[in-house]
$ cat upload-v8.cif   # mmCIF, C-alpha atoms, pLDDT in the B column; chains and numbers go by the auth columns
data_coords
#
loop_
_atom_site.group_PDB
_atom_site.id
_atom_site.type_symbol
_atom_site.label_atom_id
_atom_site.label_comp_id
_atom_site.label_asym_id
_atom_site.label_seq_id
_atom_site.Cartn_x
_atom_site.Cartn_y
_atom_site.Cartn_z
_atom_site.B_iso_or_equiv
_atom_site.auth_seq_id
_atom_site.auth_asym_id
ATOM 1 C CA MET A 1 101.468 103.424 109.746 86.00 26 A
ATOM 2 C CA TYR A 2 101.798 101.411 106.525 93.00 27 A
ATOM 3 C CA ASP A 3 103.261 97.914 106.356 94.00 28 A
ATOM 4 C CA CYS A 4 102.296 97.024 102.795 96.00 29 A
ATOM 5 C CA ILE A 5 101.577 99.338 99.875 97.00 30 A
ATOM 6 C CA LEU A 6 99.757 97.877 96.901 97.00 31 A
ATOM 7 C CA VAL A 7 100.765 99.359 93.546 97.00 32 A
ATOM 8 C CA PRO A 8 98.738 98.123 90.580 95.00 33 A
ATOM 9 C CA THR A 9 100.616 98.442 87.308 93.00 34 A
ATOM 10 C CA ASP A 10 99.652 98.114 83.675 90.00 35 A
ATOM 11 C CA GLY A 11 103.268 98.210 82.550 89.00 36 A
ATOM 12 C CA SER A 12 103.062 101.721 81.114 87.00 37 A
ATOM 13 C CA ARG A 13 105.682 104.374 81.766 85.00 38 A
ATOM 14 C CA GLU A 14 102.965 106.603 83.227 84.00 39 A
ATOM 15 C CA VAL A 15 102.754 104.278 86.230 88.00 40 A
ATOM 16 C CA GLU A 16 106.296 105.285 87.160 91.00 41 A
ATOM 17 C CA ARG A 17 104.987 108.594 88.499 91.00 42 A
ATOM 18 C CA ALA A 18 102.770 106.724 90.973 93.00 43 A
ATOM 19 C CA LEU A 19 105.724 104.493 91.827 96.00 44 A
ATOM 20 C CA GLU A 20 107.752 107.510 92.937 96.00 45 A
ATOM 21 C CA TYR A 21 105.130 108.264 95.578 96.00 46 A
ATOM 22 C CA ALA A 22 104.828 104.622 96.590 97.00 47 A
ATOM 23 C CA PHE A 23 108.599 104.236 96.965 98.00 48 A
ATOM 24 C CA ASP A 24 108.855 107.414 99.059 97.00 49 A
ATOM 25 C CA LEU A 25 106.082 106.207 101.356 97.00 50 A
ATOM 26 C CA ALA A 26 107.625 102.739 101.591 98.00 51 A
ATOM 27 C CA GLN A 27 110.944 104.234 102.653 97.00 52 A
ATOM 28 C CA LEU A 28 109.294 106.542 105.169 97.00 53 A
ATOM 29 C CA HIS A 29 107.269 103.747 106.779 97.00 54 A
ATOM 30 C CA ASN A 30 109.637 100.827 106.151 97.00 55 A
ATOM 31 C CA ALA A 31 106.826 99.229 104.154 97.00 56 A
ATOM 32 C CA THR A 32 106.819 96.529 101.517 97.00 57 A
ATOM 33 C CA ILE A 33 105.625 97.331 98.007 98.00 58 A
ATOM 34 C CA ARG A 34 103.346 94.740 96.411 97.00 59 A
ATOM 35 C CA ALA A 35 103.349 95.246 92.643 97.00 60 A
ATOM 36 C CA LEU A 36 100.222 93.797 91.055 97.00 61 A
ATOM 37 C CA TYR A 37 99.347 93.245 87.417 96.00 62 A
ATOM 38 C CA VAL A 38 95.861 92.032 86.606 94.00 63 A
ATOM 39 C CA VAL A 39 95.268 90.074 83.415 92.00 64 A
ATOM 40 C CA ASN A 40 91.814 91.272 82.412 86.00 65 A
ATOM 41 C CA ALA A 41 90.050 88.039 81.492 67.00 66 A
ATOM 42 C CA ALA A 42 87.224 90.020 79.885 68.00 67 A
ATOM 43 C CA GLY A 43 89.756 91.607 77.550 60.00 68 A
ATOM 44 C CA TYR A 44 90.019 88.483 75.424 57.00 69 A
ATOM 45 C CA GLY A 45 86.550 87.038 75.941 56.00 70 A
ATOM 46 C CA GLY A 46 85.404 88.154 72.499 56.00 71 A
ATOM 47 C CA LEU A 47 88.079 86.324 70.533 56.00 72 A
ATOM 48 C CA PRO A 48 86.986 83.689 68.013 56.00 73 A
ATOM 49 C CA MET A 49 86.672 80.180 69.439 51.00 74 A
ATOM 50 C CA GLU A 50 89.492 78.872 67.266 49.00 75 A
ATOM 51 C CA THR A 51 91.917 81.259 68.971 52.00 76 A
ATOM 52 C CA ALA A 52 94.042 79.408 71.463 54.00 77 A
ATOM 53 C CA LEU A 53 92.940 81.103 74.684 58.00 78 A
ATOM 54 C CA GLU A 54 95.755 79.468 76.575 64.00 79 A
ATOM 55 C CA GLY A 55 98.261 81.143 74.270 71.00 80 A
ATOM 56 C CA VAL A 56 96.591 84.530 74.737 75.00 81 A
ATOM 57 C CA SER A 57 96.516 84.052 78.493 76.00 82 A
ATOM 58 C CA ASP A 58 100.196 83.062 78.517 82.00 83 A
ATOM 59 C CA ALA A 59 101.126 86.136 76.474 84.00 84 A
ATOM 60 C CA LEU A 60 99.172 88.442 78.774 85.00 85 A
ATOM 61 C CA ARG A 61 100.702 86.813 81.842 89.00 86 A
ATOM 62 C CA GLY A 62 104.138 87.364 80.277 91.00 87 A
ATOM 63 C CA GLU A 63 103.339 91.061 79.847 92.00 88 A
ATOM 64 C CA GLY A 64 102.222 91.133 83.465 94.00 89 A
ATOM 65 C CA ARG A 65 105.391 89.472 84.686 96.00 90 A
ATOM 66 C CA ALA A 66 107.466 92.037 82.768 95.00 91 A
ATOM 67 C CA ALA A 67 105.416 94.886 84.280 95.00 92 A
ATOM 68 C CA VAL A 68 105.856 93.770 87.899 97.00 93 A
ATOM 69 C CA ASP A 69 109.512 92.919 87.325 97.00 94 A
ATOM 70 C CA ARG A 70 109.975 96.494 86.097 96.00 95 A
ATOM 71 C CA VAL A 71 108.608 97.786 89.413 97.00 96 A
ATOM 72 C CA ALA A 72 111.161 95.662 91.262 97.00 97 A
ATOM 73 C CA GLU A 73 113.953 96.979 89.011 97.00 98 A
ATOM 74 C CA LEU A 74 113.012 100.604 89.696 97.00 99 A
ATOM 75 C CA ALA A 75 112.723 100.181 93.455 97.00 100 A
ATOM 76 C CA PRO A 76 115.393 101.716 95.668 97.00 101 A
ATOM 77 C CA ASP A 77 117.697 99.157 97.282 97.00 102 A
ATOM 78 C CA ASP A 78 116.121 99.651 100.706 97.00 103 A
ATOM 79 C CA VAL A 79 112.554 98.902 99.540 98.00 104 A
ATOM 80 C CA THR A 80 111.292 95.323 99.457 97.00 105 A
ATOM 81 C CA VAL A 81 109.082 94.516 96.467 98.00 106 A
ATOM 82 C CA GLU A 82 106.764 91.541 96.150 97.00 107 A
ATOM 83 C CA THR A 83 105.300 90.844 92.729 97.00 108 A
ATOM 84 C CA GLU A 84 102.078 89.187 91.707 96.00 109 A
ATOM 85 C CA VAL A 85 100.202 88.558 88.467 96.00 110 A
ATOM 86 C CA ARG A 86 96.530 87.644 88.826 94.00 111 A
ATOM 87 C CA GLU A 87 93.635 87.162 86.468 92.00 112 A
ATOM 88 C CA GLY A 88 90.188 88.740 86.758 92.00 113 A
ATOM 89 C CA SER A 89 88.416 92.064 86.770 91.00 114 A
ATOM 90 C CA PRO A 90 91.130 94.653 87.490 92.00 115 A
ATOM 91 C CA SER A 91 89.179 96.765 89.982 93.00 116 A
ATOM 92 C CA GLN A 92 87.857 93.716 91.848 93.00 117 A
ATOM 93 C CA VAL A 93 91.243 92.022 92.079 94.00 118 A
ATOM 94 C CA ILE A 94 92.880 95.246 93.304 95.00 119 A
ATOM 95 C CA VAL A 95 90.212 95.707 95.998 95.00 120 A
ATOM 96 C CA ASP A 96 90.542 92.043 97.014 93.00 121 A
ATOM 97 C CA GLU A 97 94.347 92.331 97.264 92.00 122 A
ATOM 98 C CA ALA A 98 94.166 95.242 99.676 89.00 123 A
ATOM 99 C CA GLY A 99 92.595 95.012 103.076 73.00 124 A
ATOM 100 C CA PRO A 100 93.310 95.151 106.773 66.00 125 A
ATOM 101 C CA GLU A 101 95.114 91.779 106.724 78.00 126 A
ATOM 102 C CA ALA A 102 96.859 92.411 103.408 88.00 127 A
ATOM 103 C CA CYS A 103 97.989 95.787 102.107 93.00 128 A
ATOM 104 C CA ASP A 104 96.909 98.865 104.021 92.00 129 A
ATOM 105 C CA LEU A 105 97.332 101.471 101.258 96.00 130 A
ATOM 106 C CA ILE A 106 96.806 101.475 97.508 96.00 131 A
ATOM 107 C CA VAL A 107 98.818 103.864 95.325 96.00 132 A
ATOM 108 C CA MET A 108 97.686 104.055 91.728 93.00 133 A
ATOM 109 C CA GLY A 109 97.766 106.382 88.792 88.00 134 A
ATOM 110 C CA THR A 110 94.818 108.058 87.188 83.00 135 A
ATOM 111 C CA HIS A 111 94.706 109.549 83.728 70.00 136 A
ATOM 112 C CA GLY A 112 92.203 112.186 84.774 58.00 137 A
ATOM 113 C CA ARG A 113 89.783 111.531 81.958 55.00 138 A
ATOM 114 C CA GLY A 114 86.527 113.376 82.163 55.00 139 A
ATOM 115 C CA GLY A 115 83.301 113.773 80.291 57.00 140 A
ATOM 116 C CA ILE A 116 82.496 111.324 77.546 54.00 141 A
ATOM 117 C CA ASP A 117 85.883 109.547 77.749 51.00 142 A
ATOM 118 C CA ARG A 118 85.253 108.580 81.358 49.00 143 A
ATOM 119 C CA LEU A 119 81.668 107.613 80.617 50.00 144 A
ATOM 120 C CA LEU A 120 82.674 105.345 77.735 46.00 145 A
ATOM 121 C CA LEU A 121 85.947 103.975 79.076 45.00 146 A
ATOM 122 C CA GLY A 122 85.134 103.795 82.772 56.00 147 A
ATOM 123 C CA SER A 123 87.837 104.093 85.350 83.00 148 A
ATOM 124 C CA VAL A 124 89.497 101.263 87.231 88.00 149 A
ATOM 125 C CA THR A 125 90.875 103.842 89.657 87.00 150 A
ATOM 126 C CA GLU A 126 87.451 105.314 90.311 87.00 151 A
ATOM 127 C CA ARG A 127 85.950 101.879 91.011 90.00 152 A
ATOM 128 C CA VAL A 128 88.823 101.063 93.381 93.00 153 A
ATOM 129 C CA VAL A 129 88.431 104.368 95.249 91.00 154 A
ATOM 130 C CA ARG A 130 84.714 103.717 95.726 91.00 155 A
ATOM 131 C CA ARG A 131 85.064 100.092 96.863 93.00 156 A
ATOM 132 C CA ALA A 132 88.379 99.769 98.699 94.00 157 A
ATOM 133 C CA SER A 133 88.362 99.299 102.458 93.00 158 A
ATOM 134 C CA VAL A 134 91.807 100.923 102.748 95.00 159 A
ATOM 135 C CA PRO A 135 92.996 104.408 101.752 95.00 160 A
ATOM 136 C CA VAL A 136 93.749 104.982 98.073 94.00 161 A
ATOM 137 C CA LEU A 137 96.328 107.542 96.976 95.00 162 A
ATOM 138 C CA THR A 138 95.695 108.533 93.373 91.00 163 A
ATOM 139 C CA VAL A 139 98.470 110.134 91.393 91.00 164 A
ATOM 140 C CA GLN A 140 97.687 112.110 88.262 86.00 165 A
ATOM 141 C CA VAL A 141 99.714 110.615 85.433 78.00 166 A
ATOM 142 C CA ASP A 142 100.166 112.372 82.152 69.00 167 A
ATOM 143 C CA PRO A 143 102.269 111.016 79.294 59.00 168 A
ATOM 144 C CA ASP A 144 103.407 114.585 78.548 62.00 169 A
ATOM 145 C CA ASP A 145 105.116 114.697 81.970 55.00 170 A
ATOM 146 C CA LEU A 146 107.412 111.920 80.811 50.00 171 A
ATOM 147 C CA GLU A 147 108.750 113.653 77.698 55.00 172 A
ATOM 148 C CA ASP A 148 111.838 114.987 79.461 54.00 173 A
ATOM 149 C CA ARG A 149 112.588 111.766 81.312 50.00 174 A
ATOM 150 C CA PRO A 150 115.199 109.301 80.138 48.00 175 A
ATOM 151 C CA GLU A 151 113.878 105.986 78.852 48.00 176 A
ATOM 152 C CA GLU A 152 115.239 104.130 81.901 45.00 177 A
ATOM 153 C CA PRO A 153 114.700 106.488 84.860 43.00 178 A
ATOM 154 C CA ARG A 154 116.549 105.798 88.089 40.00 179 A
ATOM 155 C CA LEU A 155 114.697 106.604 91.269 41.00 180 A
ATOM 156 C CA THR A 156 116.767 107.407 94.329 40.00 181 A
ATOM 157 C CA ALA A 157 115.944 108.100 97.947 42.00 182 A
ATOM 158 C CA GLU A 158 116.743 111.516 99.289 41.00 183 A
#
$ encode --input "upload-v8.cif" --output "structure tokens"
Amino acid sequence: MYDCILVPTDGSREVERALEYAFDLAQLHNATIRALYVVNAAGYGGLPMETALEGVSDALRGEGRAAVDRVAELAPDDVTVETEVREGSPSQVIVDEAGPEACDLIVMGTHGRGGIDRLLLGSVTERVVRRASVPVLTVQVDPDDLEDRPEEPRLTAE
């Protein structure tokens, strides 16, 4: 049913909860995981002109590389992981990366913000759900759920 599962990551530990679902589905369907980190170009657009944008971009790309490498480290041995770091609007890049000829499922975390927080902060997940041409599995992530977890969790197939 699924050949490729796209898992956007921001490098946070909360994403690991979504990864558990993605890894289980990948094992069940013998699918490849594509870990994606999007460097949000708009995130550093307001920096002073004298700031070396190339240096900022390199630093953000380094964070992205570490985030997708972490996904590969956590993956069970029988799950293939491809990694990619791209630049652009996170929701647009995620939607572009998934499609009938690319990945056929997106698994991503959502913080479940509501009210004024959602209005002010927006939601990448919500924009992806509304615009994606493939199914999107959203996984509620809550930092409090991670309190009892070891710093370096090991995920295993059952």
$ closest_residue --input "upload-v8.cif" --among "A:Val64, A:Val32, A:Ala127, A:Val161" --to "A:Ala97" --atoms "only C-alpha atoms"
A:Val32
$ resolve_selection --input "upload-v8.cif" --expression "the PyMOL selection byres ((chain A and resi 132-137) around 8)" --output "ChimeraX atom specification"
/A:30-34,39-40,42-44,46-47,130-131,138-139,150,161-167
$ atom_distance --input "upload-v8.cif" --atom1 "atom CA of A:His54" --atom2 "atom CA of A:Glu126"
17.1 Å
$ closest_residue --input "upload-v8.cif" --among "A:Ser37, A:Asn55, A:Ser148, A:Ser158" --to "A:Pro115" --atoms "only C-alpha atoms"
A:Ser148
$ residues_around --input "upload-v8.cif" --residues "A:Leu53" --least-positions-apart "5" --cutoff "10 Å" --atoms "all atoms listed in the file" --output "MDAnalysis selection string"
chainID A and resid 26:27 47:48 182
$ closest_residue --input "upload-v8.cif" --among "A:Ala157, A:Ile58, A:Leu99, A:Ala51" --to "A:Val118" --atoms "only C-alpha atoms"
A:Ala157
$ closest_residue --input "upload-v8.cif" --among "A:Val153, A:Pro101, A:Gly36, A:Thr57" --to "A:Gly89" --atoms "all atoms listed in the file"
A:Gly36
$ resolve_selection --input "upload-v8.cif" --expression "the PyMOL selection byres ((chain A and resi 98) around 12)" --output "VMD selection string"
chain A and resid 41 44 60 91 to 97 99 to 102 104 to 108 177 to 180
$ atom_distance --input "upload-v8.cif" --atom1 "atom CA of A:Leu85" --atom2 "atom CA of A:Gln117"
18.1 Å
$ atom_distance --input "upload-v8.cif" --atom1 "atom CA of A:Arg90" --atom2 "atom CA of A:Gly113"
15.4 Å
$ closest_residue --input "upload-v8.cif" --among "A:Ala56, A:Val149, A:Val110, A:Cys29" --to "A:Ala123" --atoms "all atoms listed in the file"
A:Cys29
$ axis_aligned_box --input "upload-v8.cif" --around "stretch 47-53 of chain A" --padding-each-side "5 Å" --output "AutoDock Vina command-line options"
--center_x 107.9 --center_y 105.1 --center_z 100.9 --size_x 16.1 --size_y 14.7 --size_z 18.6
$ closest_residue --input "upload-v8.cif" --among "A:Asp28, A:Glu88, A:Glu122, A:Asp129" --to "A:Gln52" --atoms "only C-alpha atoms"
A:Asp28
